$ cat entry34.cif   # mmCIF, C-alpha atoms, pLDDT in the B column; chains and numbers go by the auth columns
data_structure
loop_
_atom_site.group_PDB
_atom_site.id
_atom_site.type_symbol
_atom_site.label_atom_id
_atom_site.label_comp_id
_atom_site.label_asym_id
_atom_site.label_seq_id
_atom_site.Cartn_x
_atom_site.Cartn_y
_atom_site.Cartn_z
_atom_site.B_iso_or_equiv
_atom_site.auth_seq_id
_atom_site.auth_asym_id
ATOM 1 C CA MET A 1 0.000 0.000 0.000 91.00 1 A
ATOM 2 C CA LYS A 2 1.016 3.616 -0.617 96.00 2 A
ATOM 3 C CA GLN A 3 -0.434 7.108 -0.678 97.00 3 A
ATOM 4 C CA PRO A 4 -2.998 7.857 -3.402 97.00 4 A
ATOM 5 C CA ALA A 5 -2.117 9.527 -6.668 98.00 5 A
ATOM 6 C CA ALA A 6 -2.933 13.169 -7.346 97.00 6 A
ATOM 7 C CA PRO A 7 -6.443 13.982 -8.605 97.00 7 A
ATOM 8 C CA GLN A 8 -6.705 15.817 -11.918 97.00 8 A
ATOM 9 C CA ILE A 9 -8.736 19.016 -11.493 98.00 9 A
ATOM 10 C CA ILE A 10 -11.325 20.023 -14.101 98.00 10 A
ATOM 11 C CA VAL A 11 -12.809 23.526 -13.972 98.00 11 A
ATOM 12 C CA GLN A 12 -16.576 23.428 -14.469 98.00 12 A
ATOM 13 C CA TYR A 13 -17.252 27.176 -14.320 98.00 13 A
ATOM 14 C CA ALA A 14 -16.282 30.430 -12.640 98.00 14 A
ATOM 15 C CA SER A 15 -18.611 33.214 -11.514 98.00 15 A
ATOM 16 C CA ALA A 16 -17.865 36.591 -9.934 98.00 16 A
ATOM 17 C CA ASP A 17 -17.485 35.021 -6.474 98.00 17 A
ATOM 18 C CA SER A 18 -17.148 31.260 -6.949 99.00 18 A
ATOM 19 C CA ILE A 19 -15.293 28.545 -8.860 99.00 19 A
ATOM 20 C CA ARG A 20 -16.601 24.998 -9.330 99.00 20 A
ATOM 21 C CA VAL A 21 -14.177 22.150 -9.943 99.00 21 A
ATOM 22 C CA SER A 22 -14.564 18.395 -10.428 98.00 22 A
ATOM 23 C CA TRP A 23 -12.246 15.391 -10.611 98.00 23 A
ATOM 24 C CA ASP A 24 -12.192 11.647 -11.149 95.00 24 A
ATOM 25 C CA PRO A 25 -11.101 9.423 -8.248 95.00 25 A
ATOM 26 C CA PRO A 26 -7.326 8.870 -8.515 97.00 26 A
ATOM 27 C CA ASP A 27 -5.441 5.618 -7.966 97.00 27 A
ATOM 28 C CA ASP A 28 -6.057 4.890 -4.275 96.00 28 A
ATOM 29 C CA GLY A 29 -2.618 3.311 -3.742 96.00 29 A
ATOM 30 C CA GLY A 30 -4.134 0.027 -2.563 96.00 30 A
ATOM 31 C CA ALA A 31 -6.091 1.467 0.373 96.00 31 A
ATOM 32 C CA PRO A 32 -9.563 3.066 0.291 97.00 32 A
ATOM 33 C CA LEU A 33 -9.591 6.820 -0.095 97.00 33 A
ATOM 34 C CA GLN A 34 -10.501 8.655 3.104 97.00 34 A
ATOM 35 C CA GLY A 35 -11.051 12.091 1.581 98.00 35 A
ATOM 36 C CA TYR A 36 -9.716 15.046 -0.377 98.00 36 A
ATOM 37 C CA SER A 37 -8.138 18.382 0.458 98.00 37 A
ATOM 38 C CA ILE A 38 -8.623 21.392 -1.827 98.00 38 A
ATOM 39 C CA PHE A 39 -6.310 24.382 -1.487 98.00 39 A
ATOM 40 C CA TYR A 40 -6.890 27.776 -3.083 99.00 40 A
ATOM 41 C CA ARG A 41 -5.498 31.293 -2.844 98.00 41 A
ATOM 42 C CA ILE A 42 -4.852 34.554 -4.641 97.00 42 A
ATOM 43 C CA ALA A 43 -1.198 34.776 -5.704 88.00 43 A
ATOM 44 C CA GLY A 44 0.916 36.099 -2.850 90.00 44 A
ATOM 45 C CA GLU A 45 -1.662 35.306 -0.170 96.00 45 A
ATOM 46 C CA THR A 46 -1.963 32.354 2.206 97.00 46 A
ATOM 47 C CA TRP A 47 -3.729 29.134 1.273 98.00 47 A
ATOM 48 C CA SER A 48 -7.328 28.437 2.240 98.00 48 A
ATOM 49 C CA GLN A 49 -8.345 24.810 2.569 97.00 49 A
ATOM 50 C CA ALA A 50 -11.485 22.689 2.316 98.00 50 A
ATOM 51 C CA GLU A 51 -11.780 19.041 3.431 98.00 51 A
ATOM 52 C CA LEU A 52 -14.102 16.732 1.472 98.00 52 A
ATOM 53 C CA MET A 53 -15.456 13.215 1.883 98.00 53 A
ATOM 54 C CA PRO A 54 -14.164 10.456 -0.424 97.00 54 A
ATOM 55 C CA GLU A 55 -17.492 10.146 -2.233 97.00 55 A
ATOM 56 C CA ASN A 56 -17.271 13.754 -3.449 97.00 56 A
ATOM 57 C CA ASN A 57 -16.169 14.335 -7.031 97.00 57 A
ATOM 58 C CA ALA A 58 -16.974 18.058 -7.341 98.00 58 A
ATOM 59 C CA TYR A 59 -16.820 21.140 -5.161 98.00 59 A
ATOM 60 C CA THR A 60 -17.761 24.814 -5.431 99.00 60 A
ATOM 61 C CA ILE A 61 -15.315 27.244 -3.840 99.00 61 A
ATOM 62 C CA THR A 62 -17.355 30.227 -2.644 98.00 62 A
ATOM 63 C CA GLN A 63 -16.902 33.693 -1.114 98.00 63 A
ATOM 64 C CA LEU A 64 -14.142 34.558 -3.556 98.00 64 A
ATOM 65 C CA LYS A 65 -13.083 38.031 -4.662 98.00 65 A
ATOM 66 C CA CYS A 66 -14.525 39.260 -7.925 98.00 66 A
ATOM 67 C CA GLY A 67 -12.149 39.669 -10.873 98.00 67 A
ATOM 68 C CA ASN A 68 -9.166 37.922 -9.267 98.00 68 A
ATOM 69 C CA GLN A 69 -6.895 35.082 -10.323 98.00 69 A
ATOM 70 C CA TYR A 70 -6.949 32.082 -8.011 98.00 70 A
ATOM 71 C CA ILE A 71 -4.446 29.247 -7.731 99.00 71 A
ATOM 72 C CA ILE A 72 -6.047 25.885 -6.968 99.00 72 A
ATOM 73 C CA LYS A 73 -4.587 22.484 -6.156 98.00 73 A
ATOM 74 C CA MET A 74 -5.835 19.357 -4.367 98.00 74 A
ATOM 75 C CA SER A 75 -4.720 16.048 -2.935 98.00 75 A
ATOM 76 C CA ALA A 76 -6.264 12.778 -1.748 98.00 76 A
ATOM 77 C CA HIS A 77 -5.446 10.821 1.376 98.00 77 A
ATOM 78 C CA ASN A 78 -5.861 7.227 2.577 97.00 78 A
ATOM 79 C CA LEU A 79 -4.817 5.175 5.574 96.00 79 A
ATOM 80 C CA VAL A 80 -1.166 5.443 4.556 96.00 80 A
ATOM 81 C CA GLY A 81 -1.159 9.241 4.410 96.00 81 A
ATOM 82 C CA ASP A 82 -1.563 12.283 2.185 97.00 82 A
ATOM 83 C CA GLY A 83 -0.921 11.834 -1.495 97.00 83 A
ATOM 84 C CA VAL A 84 1.041 14.255 -3.647 96.00 84 A
ATOM 85 C CA ALA A 85 -0.777 17.407 -4.628 97.00 85 A
ATOM 86 C CA SER A 86 -2.082 17.923 -8.135 97.00 86 A
ATOM 87 C CA GLU A 87 -0.590 20.454 -10.490 96.00 87 A
ATOM 88 C CA GLU A 88 -1.654 23.978 -9.628 97.00 88 A
ATOM 89 C CA ILE A 89 -4.207 25.543 -11.949 98.00 89 A
ATOM 90 C CA ASN A 90 -4.993 29.231 -12.387 98.00 90 A
ATOM 91 C CA VAL A 91 -8.597 30.375 -12.690 98.00 91 A
ATOM 92 C CA TRP A 92 -10.032 33.891 -12.870 98.00 92 A
ATOM 93 C CA THR A 93 -13.299 34.819 -11.236 98.00 93 A
ATOM 94 C CA LYS A 94 -15.474 36.926 -13.514 98.00 94 A
ATOM 95 C CA GLY A 95 -15.345 40.708 -13.432 98.00 95 A
ATOM 96 C CA LYS A 96 -12.748 43.426 -13.839 97.00 96 A
ATOM 97 C CA ALA A 97 -11.783 46.841 -12.537 97.00 97 A
ATOM 98 C CA SER A 98 -14.395 49.541 -12.995 97.00 98 A
ATOM 99 C CA GLN A 99 -14.587 51.696 -16.113 97.00 99 A
ATOM 100 C CA ALA A 100 -14.803 55.477 -15.853 97.00 100 A
ATOM 101 C CA PRO A 101 -17.590 57.195 -17.799 97.00 101 A
ATOM 102 C CA ASN A 102 -17.192 60.177 -20.081 97.00 102 A
ATOM 103 C CA GLY A 103 -17.261 63.535 -18.398 96.00 103 A
ATOM 104 C CA ASN A 104 -20.584 64.511 -19.984 95.00 104 A
ATOM 105 C CA GLU A 105 -22.182 61.382 -18.484 96.00 105 A
ATOM 106 C CA LEU A 106 -20.783 62.097 -15.031 97.00 106 A
ATOM 107 C CA ILE A 107 -20.564 65.847 -14.418 97.00 107 A
ATOM 108 C CA VAL A 108 -23.290 68.505 -14.271 97.00 108 A
ATOM 109 C CA THR A 109 -22.453 72.015 -13.074 97.00 109 A
ATOM 110 C CA ASN A 110 -23.988 75.398 -12.387 97.00 110 A
ATOM 111 C CA ALA A 111 -22.330 78.602 -11.199 97.00 111 A
ATOM 112 C CA SER A 112 -21.274 77.263 -7.796 97.00 112 A
ATOM 113 C CA CYS A 113 -22.023 73.524 -7.535 97.00 113 A
ATOM 114 C CA VAL A 114 -21.069 70.229 -9.154 96.00 114 A
ATOM 115 C CA ASN A 115 -23.365 67.218 -9.378 96.00 115 A
ATOM 116 C CA LEU A 116 -21.552 63.913 -9.929 95.00 116 A
ATOM 117 C CA LYS A 117 -23.781 61.146 -11.276 94.00 117 A
ATOM 118 C CA LEU A 118 -21.818 58.288 -9.750 92.00 118 A
ATOM 119 C CA SER A 119 -24.346 55.760 -11.034 91.00 119 A
ATOM 120 C CA ALA A 120 -22.799 56.379 -14.496 94.00 120 A
ATOM 121 C CA TRP A 121 -19.563 54.757 -13.305 95.00 121 A
ATOM 122 C CA HIS A 122 -19.460 51.219 -14.748 96.00 122 A
ATOM 123 C CA ASN A 123 -18.516 48.683 -12.073 95.00 123 A
ATOM 124 C CA GLY A 124 -16.927 46.146 -14.474 96.00 124 A
ATOM 125 C CA GLY A 125 -19.062 43.335 -13.050 96.00 125 A
ATOM 126 C CA CYS A 126 -17.600 43.763 -9.540 96.00 126 A
ATOM 127 C CA PRO A 127 -19.388 45.952 -6.977 93.00 127 A
ATOM 128 C CA ILE A 128 -17.591 49.228 -6.250 93.00 128 A
ATOM 129 C CA HIS A 129 -16.589 49.434 -2.590 91.00 129 A
ATOM 130 C CA HIS A 130 -15.816 53.137 -2.464 90.00 130 A
ATOM 131 C CA PHE A 131 -14.987 56.299 -4.371 92.00 131 A
ATOM 132 C CA SER A 132 -12.269 58.853 -3.665 93.00 132 A
ATOM 133 C CA ILE A 133 -12.963 62.350 -5.060 95.00 133 A
ATOM 134 C CA GLU A 134 -10.662 65.389 -5.265 96.00 134 A
ATOM 135 C CA HIS A 135 -10.724 68.682 -7.153 96.00 135 A
ATOM 136 C CA ARG A 136 -8.586 71.768 -7.710 97.00 136 A
ATOM 137 C CA PRO A 137 -8.747 75.005 -9.737 96.00 137 A
ATOM 138 C CA LEU A 138 -7.128 74.665 -13.132 95.00 138 A
ATOM 139 C CA GLY A 139 -3.448 75.561 -12.756 91.00 139 A
ATOM 140 C CA ASP A 140 -3.200 74.779 -9.025 93.00 140 A
ATOM 141 C CA ILE A 141 -0.951 71.979 -7.827 91.00 141 A
ATOM 142 C CA ARG A 142 -2.723 71.025 -4.581 93.00 142 A
ATOM 143 C CA TRP A 143 -5.846 68.866 -4.537 95.00 143 A
ATOM 144 C CA THR A 144 -8.826 69.425 -2.255 94.00 144 A
ATOM 145 C CA VAL A 145 -10.273 66.168 -0.944 93.00 145 A
ATOM 146 C CA VAL A 146 -14.057 66.017 -1.156 88.00 146 A
ATOM 147 C CA THR A 147 -14.126 62.533 0.322 76.00 147 A
ATOM 148 C CA SER A 148 -11.837 59.532 0.443 61.00 148 A
ATOM 149 C CA ASP A 149 -14.543 56.948 1.067 63.00 149 A
ATOM 150 C CA ILE A 150 -18.007 56.968 -0.475 66.00 150 A
ATOM 151 C CA SER A 151 -19.936 53.722 -0.132 61.00 151 A
ATOM 152 C CA ASN A 152 -21.438 52.030 -3.163 53.00 152 A
ATOM 153 C CA ALA A 153 -24.872 51.952 -1.504 51.00 153 A
ATOM 154 C CA GLU A 154 -27.485 53.008 -4.029 45.00 154 A
ATOM 155 C CA GLU A 155 -28.656 55.979 -1.992 42.00 155 A
ATOM 156 C CA ASN A 156 -25.102 57.341 -1.979 52.00 156 A
ATOM 157 C CA ARG A 157 -24.148 56.480 -5.531 60.00 157 A
ATOM 158 C CA GLU A 158 -26.939 58.093 -7.520 73.00 158 A
ATOM 159 C CA ASN A 159 -25.843 61.725 -7.093 84.00 159 A
ATOM 160 C CA LEU A 160 -23.152 63.550 -5.156 90.00 160 A
ATOM 161 C CA ILE A 161 -23.510 67.338 -5.006 92.00 161 A
ATOM 162 C CA PHE A 162 -20.866 69.646 -3.566 92.00 162 A
ATOM 163 C CA CYS A 163 -20.602 73.410 -3.830 93.00 163 A
ATOM 164 C CA ASP A 164 -18.453 76.444 -2.898 90.00 164 A
ATOM 165 C CA PHE A 165 -16.992 76.787 -6.396 96.00 165 A
ATOM 166 C CA LEU A 166 -16.404 80.147 -8.051 97.00 166 A
ATOM 167 C CA PRO A 167 -18.521 81.008 -11.097 98.00 167 A
ATOM 168 C CA ALA A 168 -17.093 81.004 -14.612 97.00 168 A
ATOM 169 C CA LYS A 169 -13.963 79.073 -13.655 97.00 169 A
ATOM 170 C CA TRP A 170 -12.274 75.888 -14.873 98.00 170 A
ATOM 171 C CA TYR A 171 -11.394 73.084 -12.467 98.00 171 A
ATOM 172 C CA GLN A 172 -9.797 69.648 -12.499 97.00 172 A
ATOM 173 C CA LEU A 173 -11.417 66.608 -10.941 97.00 173 A
ATOM 174 C CA ARG A 174 -9.777 63.329 -9.920 97.00 174 A
ATOM 175 C CA ILE A 175 -11.944 60.317 -9.070 96.00 175 A
ATOM 176 C CA SER A 176 -10.823 56.841 -8.017 95.00 176 A
ATOM 177 C CA ALA A 177 -13.203 53.881 -7.783 95.00 177 A
ATOM 178 C CA THR A 178 -12.152 50.670 -6.051 95.00 178 A
ATOM 179 C CA ASN A 179 -13.622 47.175 -6.344 96.00 179 A
ATOM 180 C CA ASP A 180 -12.232 43.686 -5.713 97.00 180 A
ATOM 181 C CA ALA A 181 -10.573 43.662 -9.143 97.00 181 A
ATOM 182 C CA GLY A 182 -8.609 46.855 -8.578 97.00 182 A
ATOM 183 C CA LYS A 183 -8.604 50.638 -8.565 97.00 183 A
ATOM 184 C CA THR A 184 -9.516 52.886 -11.492 98.00 184 A
ATOM 185 C CA THR A 185 -8.511 56.558 -11.453 97.00 185 A
ATOM 186 C CA GLU A 186 -9.701 59.109 -13.996 97.00 186 A
ATOM 187 C CA HIS A 187 -9.039 62.845 -14.425 96.00 187 A
ATOM 188 C CA TYR A 188 -11.587 65.304 -15.756 97.00 188 A
ATOM 189 C CA HIS A 189 -11.800 69.007 -16.547 97.00 189 A
ATOM 190 C CA PHE A 190 -15.003 70.900 -15.857 97.00 190 A
ATOM 191 C CA ALA A 191 -16.163 74.511 -15.723 97.00 191 A
ATOM 192 C CA THR A 192 -18.739 76.259 -13.614 98.00 192 A
ATOM 193 C CA THR A 193 -21.150 78.477 -15.534 97.00 193 A
ATOM 194 C CA ASN A 194 -21.324 82.215 -15.112 96.00 194 A
ATOM 195 C CA ILE A 195 -24.033 83.625 -12.840 95.00 195 A
ATOM 196 C CA ASP A 196 -26.434 83.679 -15.799 95.00 196 A
ATOM 197 C CA GLY A 197 -25.950 79.953 -16.375 94.00 197 A
ATOM 198 C CA VAL A 198 -23.889 80.390 -19.545 96.00 198 A
ATOM 199 C CA THR A 199 -21.070 77.919 -20.207 94.00 199 A
ATOM 200 C CA ILE A 200 -17.615 79.454 -20.533 95.00 200 A
ATOM 201 C CA PRO A 201 -15.159 78.414 -23.282 95.00 201 A
ATOM 202 C CA PRO A 202 -12.232 76.093 -22.497 93.00 202 A
ATOM 203 C CA PRO A 203 -8.671 77.387 -22.242 92.00 203 A
ATOM 204 C CA SER A 204 -6.446 77.044 -25.294 89.00 204 A
ATOM 205 C CA VAL A 205 -4.322 74.460 -23.435 88.00 205 A
ATOM 206 C CA PHE A 206 -4.990 72.368 -20.336 85.00 206 A
ATOM 207 C CA PRO A 207 -1.742 72.317 -18.293 79.00 207 A
ATOM 208 C CA SER A 208 -0.085 69.007 -17.465 78.00 208 A
ATOM 209 C CA GLU A 209 1.452 68.107 -14.099 71.00 209 A
ATOM 210 C CA SER A 210 4.928 68.805 -15.467 71.00 210 A
ATOM 211 C CA ASP A 211 3.732 72.209 -16.703 64.00 211 A
ATOM 212 C CA LEU A 212 2.539 73.082 -13.193 65.00 212 A
ATOM 213 C CA MET A 213 5.859 72.117 -11.642 63.00 213 A
ATOM 214 C CA ASN A 214 7.865 74.044 -14.235 65.00 214 A
ATOM 215 C CA ASN A 215 5.747 77.149 -13.764 59.00 215 A
ATOM 216 C CA LEU A 216 6.273 77.129 -10.013 57.00 216 A
ATOM 217 C CA ILE A 217 10.002 76.572 -10.334 62.00 217 A
ATOM 218 C CA ASN A 218 10.294 79.348 -12.914 60.00 218 A
ATOM 219 C CA ALA A 219 8.380 81.681 -10.595 55.00 219 A
ATOM 220 C CA THR A 220 11.548 81.872 -8.502 53.00 220 A
ATOM 221 C CA ASN A 221 14.609 83.570 -9.911 54.00 221 A
ATOM 222 C CA PRO A 222 17.766 81.612 -9.117 56.00 222 A
ATOM 223 C CA THR A 223 19.905 84.322 -10.721 54.00 223 A
ATOM 224 C CA ASN A 224 19.191 86.697 -7.846 52.00 224 A
ATOM 225 C CA GLY A 225 21.348 84.589 -5.560 49.00 225 A
ATOM 226 C CA ASP A 226 18.456 83.430 -3.429 54.00 226 A
ATOM 227 C CA TRP A 227 19.263 79.788 -4.091 50.00 227 A
ATOM 228 C CA PHE A 228 17.878 78.732 -0.715 49.00 228 A
ATOM 229 C CA SER A 229 14.380 80.024 -1.526 51.00 229 A
ATOM 230 C CA THR A 230 14.499 78.182 -4.826 49.00 230 A
ATOM 231 C CA LEU A 231 15.482 74.990 -3.022 49.00 231 A
ATOM 232 C CA ILE A 232 12.567 75.390 -0.588 52.00 232 A
ATOM 233 C CA VAL A 233 10.113 75.803 -3.474 50.00 233 A
ATOM 234 C CA ILE A 234 11.450 72.669 -5.184 50.00 234 A
ATOM 235 C CA VAL A 235 11.110 70.664 -1.956 52.00 235 A
ATOM 236 C CA ILE A 236 7.523 71.900 -1.448 52.00 236 A
ATOM 237 C CA ILE A 237 6.600 70.984 -5.023 51.00 237 A
ATOM 238 C CA THR A 238 8.140 67.524 -4.659 52.00 238 A
ATOM 239 C CA VAL A 239 6.251 66.850 -1.421 50.00 239 A
ATOM 240 C CA ALA A 240 3.022 68.076 -3.016 51.00 240 A
ATOM 241 C CA MET A 241 3.444 65.739 -5.972 51.00 241 A
ATOM 242 C CA ILE A 242 4.137 62.771 -3.683 50.00 242 A
ATOM 243 C CA THR A 243 0.992 63.414 -1.638 51.00 243 A
ATOM 244 C CA VAL A 244 -1.196 63.375 -4.730 49.00 244 A
#
$ encode --input "entry34.cif" --output "structure tokens"
Amino acid sequence: MKQPAAPQIIVQYASADSIRVSWDPPDDGGAPLQGYSIFYRIAGETWSQAELMPENNAYTITQLKCGNQYIIKMSAHNLVGDGVASEEINVWTKGKASQAPNGNELIVTNASCVNLKLSAWHNGGCPIHHFSIEHRPLGDIRWTVVTSDISNAEENRENLIFCDFLPAKWYQLRISATNDAGKTTEHYHFATTNIDGVTIPPPSVFPSESDLMNNLINATNPTNGDWFSTLIVIVIITVAMITV
């Protein structure tokens, strides 16, 4: 007598939060099988384990994370001991990171307020756990945090309105949405209307992050000998960029 051979895993299906596998009974090594052990994990994480009776030939692994790749292996055991584990297989649960909508689907403004229609954000088949929302006037380097954690509950997701904006001014908006499959971050430009509700034209060029840094550095004049002030400005800019 000896330990049983390794079962050969067959994937039946995968859903957003489960994977079903089956197998044929392996060579029992000359002693009746006493059961199976199934091991599964996301790469880099610890193994989870399920113990099954010998009459089982299929199992559904549940409570999995949406849109993630799982590693699965299994072994059989008999009176002699645990058999060798099967080859590891890789299976993805269904779903993916969320997809940001177009700005005209998401953003509605007036002279002082912005209405974000968060229900327009496509969840990719995996529920969105939270949103992080920041904004800043066009040309500024520092972001203002509106919120770093908005639940995906329907009453919170339909509309988010926040105000205190200046009329007839362009702003930048940064939104991140997180689900089990990952984090999606998108940048937008938007303008408040004037006090009569008229939309203002866009600037000829929207500045990039590197443009903002260069403008701030150039605002100091290193030729005047004040090299220390220039150094302080560079350090402040660097810290600001890291925090965003």
$ residues_near_point --input "entry34.cif" --point "(-19.8, 33.8, -10.9)" --cutoff "10 Å" --atoms "only C-alpha atoms" --output "list in words"
Tyr13, Ala14, Ser15, Ala16, Asp17, Ser18, Ile19, Arg20, Thr62, Leu64, Cys66, Gly67, Trp92, Thr93, Lys94, Gly95 and Gly125 of chain A
$ resolve_selection --input "entry34.cif" --expression "the PyMOL selection byres ((chain A and resi 172) around 10)" --output "list in words"
Glu134, His135, Arg136, Pro137, Leu138, Gly139, Asp140, Trp143, Trp170, Tyr171, Leu173, Arg174, His187, Tyr188, His189, Phe190, Ala191 and Phe206 of chain A
$ write_last_selection --input "entry34.cif" --atoms "C-alpha atoms" --output "compact mmCIF listing (two decimals), in the frame of the given file"
# COMPACT_ATOMS: atom_id res chain seq x y z
CA GLU A 134 -10.66 65.39 -5.26
CA HIS A 135 -10.72 68.68 -7.15
CA ARG A 136 -8.59 71.77 -7.71
CA PRO A 137 -8.75 75.00 -9.74
CA LEU A 138 -7.13 74.67 -13.13
CA GLY A 139 -3.45 75.56 -12.76
CA ASP A 140 -3.20 74.78 -9.02
CA TRP A 143 -5.85 68.87 -4.54
CA TRP A 170 -12.27 75.89 -14.87
CA TYR A 171 -11.39 73.08 -12.47
CA LEU A 173 -11.42 66.61 -10.94
CA ARG A 174 -9.78 63.33 -9.92
CA HIS A 187 -9.04 62.84 -14.42
CA TYR A 188 -11.59 65.30 -15.76
CA HIS A 189 -11.80 69.01 -16.55
CA PHE A 190 -15.00 70.90 -15.86
CA ALA A 191 -16.16 74.51 -15.72
CA PHE A 206 -4.99 72.37 -20.34
$ resolve_selection --input "entry34.cif" --expression "the PyMOL selection byres ((chain A and resi 145) around 12)" --output "VMD selection string"
chain A and resid 131 to 136 142 to 144 146 to 149 162 173 to 176 243 to 244
$ closest_atom_pairs --input "entry34.cif" --of "region 46-141 of chain A" --to "region 21-36 of chain A" --cutoff "6 Å" --atoms "all atoms listed in the file" --output "tab-separated table"
residue	atom	partner	partner_atom	distance
A:Glu51	CA	A:Tyr36	CA	5.9
A:Leu52	CA	A:Tyr36	CA	5.0
A:Met53	CA	A:Gly35	CA	4.6
A:Pro54	CA	A:Gly35	CA	4.0
A:Asn57	CA	A:Trp23	CA	5.4
A:Ala58	CA	A:Ser22	CA	3.9
A:Tyr59	CA	A:Val21	CA	5.6
A:Ser75	CA	A:Tyr36	CA	5.7
A:Ala76	CA	A:Tyr36	CA	4.4
A:His77	CA	A:Gly35	CA	5.8
A:Asn78	CA	A:Leu33	CA	4.6
$ atom_distance --input "entry34.cif" --atom1 "CA of Trp121 (chain A)" --atom2 "CA of Ala100 (chain A)"
5.4 Å
$ resolve_selection --input "entry34.cif" --expression "the PyMOL selection byres ((chain A and resi 101) around 10)" --output "NGL selection string"
:A and (98-100 or 102-107 or 117-122 or 186)
$ axis_aligned_box --input "entry34.cif" --around "region 82-93 of chain A" --padding-each-side "8 Å" --output "lines of an AutoDock Vina configuration file"
center_x = -6.1
center_y = 23.3
center_z = -5.3
size_x = 30.3
size_y = 39.0
size_z = 31.1
$ build_atoms --input "entry34.cif" --residues "region 172-183 of chain A" --atoms "N, CA and C atoms" --output "mmCIF file, in the frame of the given file"
data_model
loop_
_atom_site.group_PDB
_atom_site.id
_atom_site.type_symbol
_atom_site.label_atom_id
_atom_site.label_comp_id
_atom_site.auth_asym_id
_atom_site.auth_seq_id
_atom_site.Cartn_x
_atom_site.Cartn_y
_atom_site.Cartn_z
ATOM 1 N N GLN A 172 -10.148 71.044 -12.223
ATOM 2 C CA GLN A 172 -9.797 69.648 -12.499
ATOM 3 C C GLN A 172 -10.415 68.759 -11.427
ATOM 4 N N LEU A 173 -10.772 67.569 -11.828
ATOM 5 C CA LEU A 173 -11.417 66.608 -10.941
ATOM 6 C C LEU A 173 -10.686 65.272 -11.059
ATOM 7 N N ARG A 174 -10.408 64.657 -9.922
ATOM 8 C CA ARG A 174 -9.777 63.329 -9.920
ATOM 9 C C ARG A 174 -10.643 62.382 -9.099
ATOM 10 N N ILE A 175 -11.083 61.301 -9.728
ATOM 11 C CA ILE A 175 -11.944 60.317 -9.070
ATOM 12 C C ILE A 175 -11.302 58.941 -9.163
ATOM 13 N N SER A 176 -11.271 58.233 -8.054
ATOM 14 C CA SER A 176 -10.823 56.841 -8.017
ATOM 15 C C SER A 176 -11.957 55.963 -7.516
ATOM 16 N N ALA A 177 -12.184 54.850 -8.193
ATOM 17 C CA ALA A 177 -13.203 53.881 -7.783
ATOM 18 C C ALA A 177 -12.509 52.543 -7.551
ATOM 19 N N THR A 178 -12.816 51.910 -6.430
ATOM 20 C CA THR A 178 -12.152 50.670 -6.051
ATOM 21 C C THR A 178 -13.166 49.536 -5.917
ATOM 22 N N ASN A 179 -12.866 48.406 -6.561
ATOM 23 C CA ASN A 179 -13.622 47.175 -6.344
ATOM 24 C C ASN A 179 -12.625 46.036 -6.126
ATOM 25 N N ASP A 180 -13.124 44.818 -5.991
ATOM 26 C CA ASP A 180 -12.232 43.686 -5.713
ATOM 27 C C ASP A 180 -11.177 43.486 -6.795
ATOM 28 N N ALA A 181 -11.486 43.885 -8.020
ATOM 29 C CA ALA A 181 -10.573 43.662 -9.143
ATOM 30 C C ALA A 181 -9.490 44.723 -9.248
ATOM 31 N N GLY A 182 -9.641 45.836 -8.521
ATOM 32 C CA GLY A 182 -8.609 46.855 -8.578
ATOM 33 C C GLY A 182 -9.161 48.261 -8.444
ATOM 34 N N LYS A 183 -8.278 49.217 -8.714
ATOM 35 C CA LYS A 183 -8.604 50.638 -8.565
ATOM 36 C C LYS A 183 -8.500 51.336 -9.915
#
